[in-house]
Amino acid sequence: GGVHALTSEEAELGYPQWVFDLSRYAFLADGRIACIFTRAAIDGLELFDPQTGNLERIDLPYSSYSSPSIRSYGSRLVFPASSPTEPTAVIELDLDSGNREILRRSTELELDERYISVAQAVDFPGADGLISHGFYYAPLNPDYSGPTDELPPLVVFVHGGPTAHVTTALDLQIQLFTSRGIAVVDLNYGGSTGYGRAYRNRLRGQWGLLDVGDCVAAVRWLTDQGWVDPDRALCSFGHRFLQAPILVLSEFPPGSERDALSARLTPSLYSQE
């Protein structure tokens, strides 16, 4: 009798149950368990043997197993997944043969990868002095180049939740900006999922403070790297951030930075998911 952990991986297997019927694991006919683990907000499909404790990673091009749901029948798995350059599709994977088949695509739109800005993971000092995370997307368009004497404008994407996180999966909204010379940082502020329990618990008692502070910290860090123009920064907030524009502005002293942000944080300009 008793309860004991089958594995002690430094990864997330659970997932916020915002809707019904989410599953991050599926049992196989041979007794192994197919699991979707998340490390630093990147998903991976792995096979766990409860008898030996061995964990085998499956080499696939996907970084996000959306929904997330996974189902098994015999030695086959079916799941939705996406990559930094491919939109979400429903995949069938035969573990015996290794064959992988796309059952249904979310879109038939064909994209030229030359125009796709791929996420770069960034770690920066957060508002509480600890390291916070995000994904930076540099402007990219092979047909154009920005002025040599200017840094690109910046859009800061801030997810809702807060018990959630963003991934590196292809997002056409982000690509809309980057293909037009505008940089994007997609934040996983302190309190997001995807980085372990300690990171998630940082938001306890700090909701609306630490997360908003990380928005400011990210802009300042990217500015210090010489990647973006802080006087042309815009924040796009998730559905729970109705108070965020005022809070962000309060973090900046009066002056050009604050004046520039104030013109971009009005209710008519920030998005609600």
# chains A, B, ... in the order shown; residues from 1 in each chain; ligands from 1
$ residues_around --residues "stretch 180-184 of chain A" --least-positions-apart "2" --cutoff "8 Å" --atoms "only C-alpha atoms" --output "list in words"
Tyr136, Tyr137, Ala138, Pro139, Leu140, Asn141, Ser145, Gly146, Pro152, Pro153, Leu154, Val155, Val156, Phe157, Ile174, Leu176, Phe177, Thr178, Asp186 and Val228 of chain A
$ residues_around --residues "A:Thr168" --least-positions-apart "5" --cutoff "9 Å" --atoms "only C-alpha atoms" --output "VMD selection string"
chain A and resid 41 to 42 63 to 64 82 to 84 118 to 121 135
$ residues_around --residues "stretch 13-24 of chain A" --least-positions-apart "6" --cutoff "10 Å" --atoms "only C-alpha atoms" --output "list in words"
Ala34, Cys35, Ile36, Phe37, Thr38, Arg39, Asp43, Leu45, Tyr65, Ser66, Ser67, Pro68, Ser69, Ile70, Arg71, Phe79, Gly161, Thr163, Ala164, Thr193, Gly194 and Gly196 of chain A
$ write_last_selection --atoms "N, CA, C and O atoms" --output "mmCIF file, in the first residue's frame"
data_model
loop_
_atom_site.group_PDB
_atom_site.id
_atom_site.type_symbol
_atom_site.label_atom_id
_atom_site.label_comp_id
_atom_site.auth_asym_id
_atom_site.auth_seq_id
_atom_site.Cartn_x
_atom_site.Cartn_y
_atom_site.Cartn_z
ATOM 1 N N ALA A 34 2.897 7.097 -21.994
ATOM 2 C CA ALA A 34 3.325 8.246 -22.811
ATOM 3 C C ALA A 34 2.975 9.512 -22.057
ATOM 4 O O ALA A 34 1.826 9.705 -21.645
ATOM 5 N N CYS A 35 3.962 10.387 -21.870
ATOM 6 C CA CYS A 35 3.776 11.597 -21.065
ATOM 7 C C CYS A 35 4.230 12.828 -21.837
ATOM 8 O O CYS A 35 5.199 12.768 -22.599
ATOM 9 N N ILE A 36 3.545 13.931 -21.596
ATOM 10 C CA ILE A 36 3.981 15.222 -22.116
ATOM 11 C C ILE A 36 4.561 16.008 -20.954
ATOM 12 O O ILE A 36 3.839 16.432 -20.053
ATOM 13 N N PHE A 37 5.881 16.165 -20.948
ATOM 14 C CA PHE A 37 6.562 16.921 -19.914
ATOM 15 C C PHE A 37 6.868 18.327 -20.436
ATOM 16 O O PHE A 37 7.115 18.515 -21.633
ATOM 17 N N THR A 38 6.861 19.305 -19.524
ATOM 18 C CA THR A 38 7.205 20.674 -19.884
ATOM 19 C C THR A 38 8.427 21.105 -19.096
ATOM 20 O O THR A 38 8.440 21.033 -17.868
ATOM 21 N N ARG A 39 9.452 21.559 -19.820
ATOM 22 C CA ARG A 39 10.673 22.094 -19.209
ATOM 23 C C ARG A 39 10.925 23.475 -19.800
ATOM 24 O O ARG A 39 11.070 23.608 -21.007
ATOM 25 N N ASP A 43 7.451 21.864 -24.448
ATOM 26 C CA ASP A 43 6.896 20.527 -24.261
ATOM 27 C C ASP A 43 7.737 19.470 -24.965
ATOM 28 O O ASP A 43 8.372 19.736 -25.997
ATOM 29 N N LEU A 45 7.513 14.972 -25.729
ATOM 30 C CA LEU A 45 6.829 13.687 -25.571
ATOM 31 C C LEU A 45 7.834 12.645 -25.105
ATOM 32 O O LEU A 45 8.888 12.463 -25.732
ATOM 33 N N TYR A 65 2.509 20.789 -27.310
ATOM 34 C CA TYR A 65 1.455 19.797 -27.498
ATOM 35 C C TYR A 65 0.176 20.417 -26.968
ATOM 36 O O TYR A 65 -0.170 20.299 -25.808
ATOM 37 N N SER A 66 -0.511 21.147 -27.858
ATOM 38 C CA SER A 66 -1.596 22.011 -27.442
ATOM 39 C C SER A 66 -2.822 21.208 -27.055
ATOM 40 O O SER A 66 -2.950 20.039 -27.365
ATOM 41 N N SER A 67 -3.732 21.859 -26.432
ATOM 42 C CA SER A 67 -4.988 21.430 -25.814
ATOM 43 C C SER A 67 -4.830 21.395 -24.307
ATOM 44 O O SER A 67 -5.488 22.184 -23.651
ATOM 45 N N PRO A 68 -3.949 20.591 -23.668
ATOM 46 C CA PRO A 68 -3.155 19.496 -24.232
ATOM 47 C C PRO A 68 -3.886 18.180 -23.999
ATOM 48 O O PRO A 68 -4.379 17.917 -22.910
ATOM 49 N N SER A 69 -3.970 17.359 -25.004
ATOM 50 C CA SER A 69 -4.608 16.061 -24.867
ATOM 51 C C SER A 69 -3.836 15.050 -25.681
ATOM 52 O O SER A 69 -3.346 15.350 -26.765
ATOM 53 N N ILE A 70 -3.734 13.855 -25.144
ATOM 54 C CA ILE A 70 -3.056 12.769 -25.832
ATOM 55 C C ILE A 70 -3.861 11.503 -25.596
ATOM 56 O O ILE A 70 -4.362 11.269 -24.493
ATOM 57 N N ARG A 71 -4.011 10.706 -26.630
ATOM 58 C CA ARG A 71 -4.774 9.465 -26.548
ATOM 59 C C ARG A 71 -3.945 8.338 -27.151
ATOM 60 O O ARG A 71 -3.111 8.572 -28.033
ATOM 61 N N PHE A 79 -2.299 13.035 -30.986
ATOM 62 C CA PHE A 79 -2.181 14.258 -30.198
ATOM 63 C C PHE A 79 -2.106 15.466 -31.130
ATOM 64 O O PHE A 79 -1.675 15.344 -32.278
ATOM 65 N N GLY A 161 -4.551 34.334 -17.469
ATOM 66 C CA GLY A 161 -4.376 33.240 -16.510
ATOM 67 C C GLY A 161 -4.684 33.706 -15.105
ATOM 68 O O GLY A 161 -5.841 33.930 -14.776
ATOM 69 N N THR A 163 -2.464 31.391 -14.253
ATOM 70 C CA THR A 163 -1.935 30.023 -14.226
ATOM 71 C C THR A 163 -1.897 29.481 -15.646
ATOM 72 O O THR A 163 -2.769 28.718 -16.075
ATOM 73 N N ALA A 164 -0.884 29.889 -16.377
ATOM 74 C CA ALA A 164 -0.731 29.530 -17.784
ATOM 75 C C ALA A 164 0.661 29.951 -18.220
ATOM 76 O O ALA A 164 1.410 30.560 -17.446
ATOM 77 N N THR A 193 3.094 29.183 -15.351
ATOM 78 C CA THR A 193 3.409 27.759 -15.318
ATOM 79 C C THR A 193 4.558 27.491 -16.295
ATOM 80 O O THR A 193 5.043 28.387 -16.973
ATOM 81 N N GLY A 194 4.980 26.234 -16.361
ATOM 82 C CA GLY A 194 6.008 25.847 -17.323
ATOM 83 C C GLY A 194 7.419 25.849 -16.794
ATOM 84 O O GLY A 194 8.337 25.354 -17.461
ATOM 85 N N GLY A 196 8.058 25.165 -13.186
ATOM 86 C CA GLY A 196 8.096 24.538 -11.872
ATOM 87 C C GLY A 196 7.281 25.268 -10.823
ATOM 88 O O GLY A 196 6.842 26.408 -11.015
#
$ closest_residue --among "A:Gln175, A:Ala169, A:Pro142, A:Leu130" --to "A:Gly213" --atoms "only C-alpha atoms"
A:Leu130
$ atom_distance --atom1 "atom CA of A:Tyr144" --atom2 "atom CA of A:Gln173"
19.2 Å
$ closest_residue --among "A:Gly191, A:Gly2, A:Gly226, A:Pro50" --to "A:Arg32" --atoms "only C-alpha atoms"
A:Pro50
$ closest_residue --among "A:Leu109, A:Ala127, A:Ala5, A:Leu77" --to "A:Ala26" --atoms "only C-alpha atoms"
A:Leu77
$ select_by_dssp --residues "stretch 41-210 of chain A" --states "helix (DSSP H, G or I)" --output "tab-separated table (two decimals) with N, CA, C and O atoms, in the first residue's frame"
chain	number	residue	atom	x	y	z
A	113	GLU	N	9.30	29.86	-44.67
A	113	GLU	CA	10.04	29.94	-43.42
A	113	GLU	C	11.04	31.09	-43.39
A	113	GLU	O	11.50	31.49	-42.32
A	114	ARG	N	11.37	31.66	-44.53
A	114	ARG	CA	12.29	32.79	-44.55
A	114	ARG	C	11.70	34.00	-43.83
A	114	ARG	O	12.42	34.89	-43.41
A	115	TYR	N	10.37	34.03	-43.71
A	115	TYR	CA	9.69	35.16	-43.09
A	115	TYR	C	9.31	34.88	-41.63
A	115	TYR	O	8.71	35.75	-41.00
A	172	LEU	N	0.77	33.37	-35.61
A	172	LEU	CA	0.73	34.30	-36.75
A	172	LEU	C	0.54	35.74	-36.30
A	172	LEU	O	0.93	36.67	-37.02
A	173	GLN	N	-0.04	35.95	-35.12
A	173	GLN	CA	-0.18	37.32	-34.63
A	173	GLN	C	1.20	37.91	-34.36
A	173	GLN	O	1.46	39.07	-34.68
A	174	ILE	N	2.09	37.10	-33.78
A	174	ILE	CA	3.46	37.57	-33.55
A	174	ILE	C	4.17	37.81	-34.87
A	174	ILE	O	4.85	38.82	-35.06
A	175	GLN	N	3.99	36.89	-35.82
A	175	GLN	CA	4.66	37.03	-37.11
A	175	GLN	C	4.16	38.24	-37.88
A	175	GLN	O	4.89	38.81	-38.70
A	176	LEU	N	2.91	38.65	-37.64
A	176	LEU	CA	2.39	39.87	-38.28
A	176	LEU	C	3.26	41.06	-37.91
A	176	LEU	O	3.60	41.89	-38.77
A	177	PHE	N	3.67	41.13	-36.64
A	177	PHE	CA	4.50	42.25	-36.20
A	177	PHE	C	5.94	42.10	-36.69
A	177	PHE	O	6.53	43.05	-37.22
A	178	THR	N	6.54	40.92	-36.48
A	178	THR	CA	7.96	40.77	-36.79
A	178	THR	C	8.24	40.91	-38.28
A	178	THR	O	9.30	41.41	-38.68
A	197	ARG	N	7.08	24.59	-9.68
A	197	ARG	CA	6.21	25.11	-8.63
A	197	ARG	C	6.75	26.39	-7.99
A	197	ARG	O	5.99	27.32	-7.72
A	198	ALA	N	8.04	26.43	-7.74
A	198	ALA	CA	8.60	27.61	-7.08
A	198	ALA	C	8.39	28.86	-7.94
A	198	ALA	O	8.06	29.94	-7.41
A	199	TYR	N	8.57	28.73	-9.22
A	199	TYR	CA	8.36	29.87	-10.13
A	199	TYR	C	6.89	30.28	-10.12
A	199	TYR	O	6.57	31.48	-10.08
A	200	ARG	N	6.01	29.31	-10.16
A	200	ARG	CA	4.58	29.60	-10.17
A	200	ARG	C	4.13	30.28	-8.87
A	200	ARG	O	3.28	31.18	-8.89
A	201	ASN	N	4.71	29.86	-7.76
A	201	ASN	CA	4.30	30.42	-6.47
A	201	ASN	C	4.80	31.84	-6.23
A	201	ASN	O	4.40	32.48	-5.25
A	210	LEU	N	3.89	41.78	-9.30
A	210	LEU	CA	5.07	41.13	-9.87
A	210	LEU	C	4.93	40.95	-11.37
A	210	LEU	O	5.86	41.22	-12.14
$ closest_residue --among "A:Trp227, A:Val158, A:Pro80, A:Val185" --to "A:Leu103" --atoms "only C-alpha atoms"
A:Pro80
$ residues_around --residues "A:Asn188" --least-positions-apart "4" --cutoff "6 Å" --atoms "only C-alpha atoms" --output "list in words"
His133, Gly134, His165 and Ser192 of chain A
$ atom_distance --atom1 "atom CA of A:Leu60" --atom2 "atom CA of A:Glu101"
12.2 Å
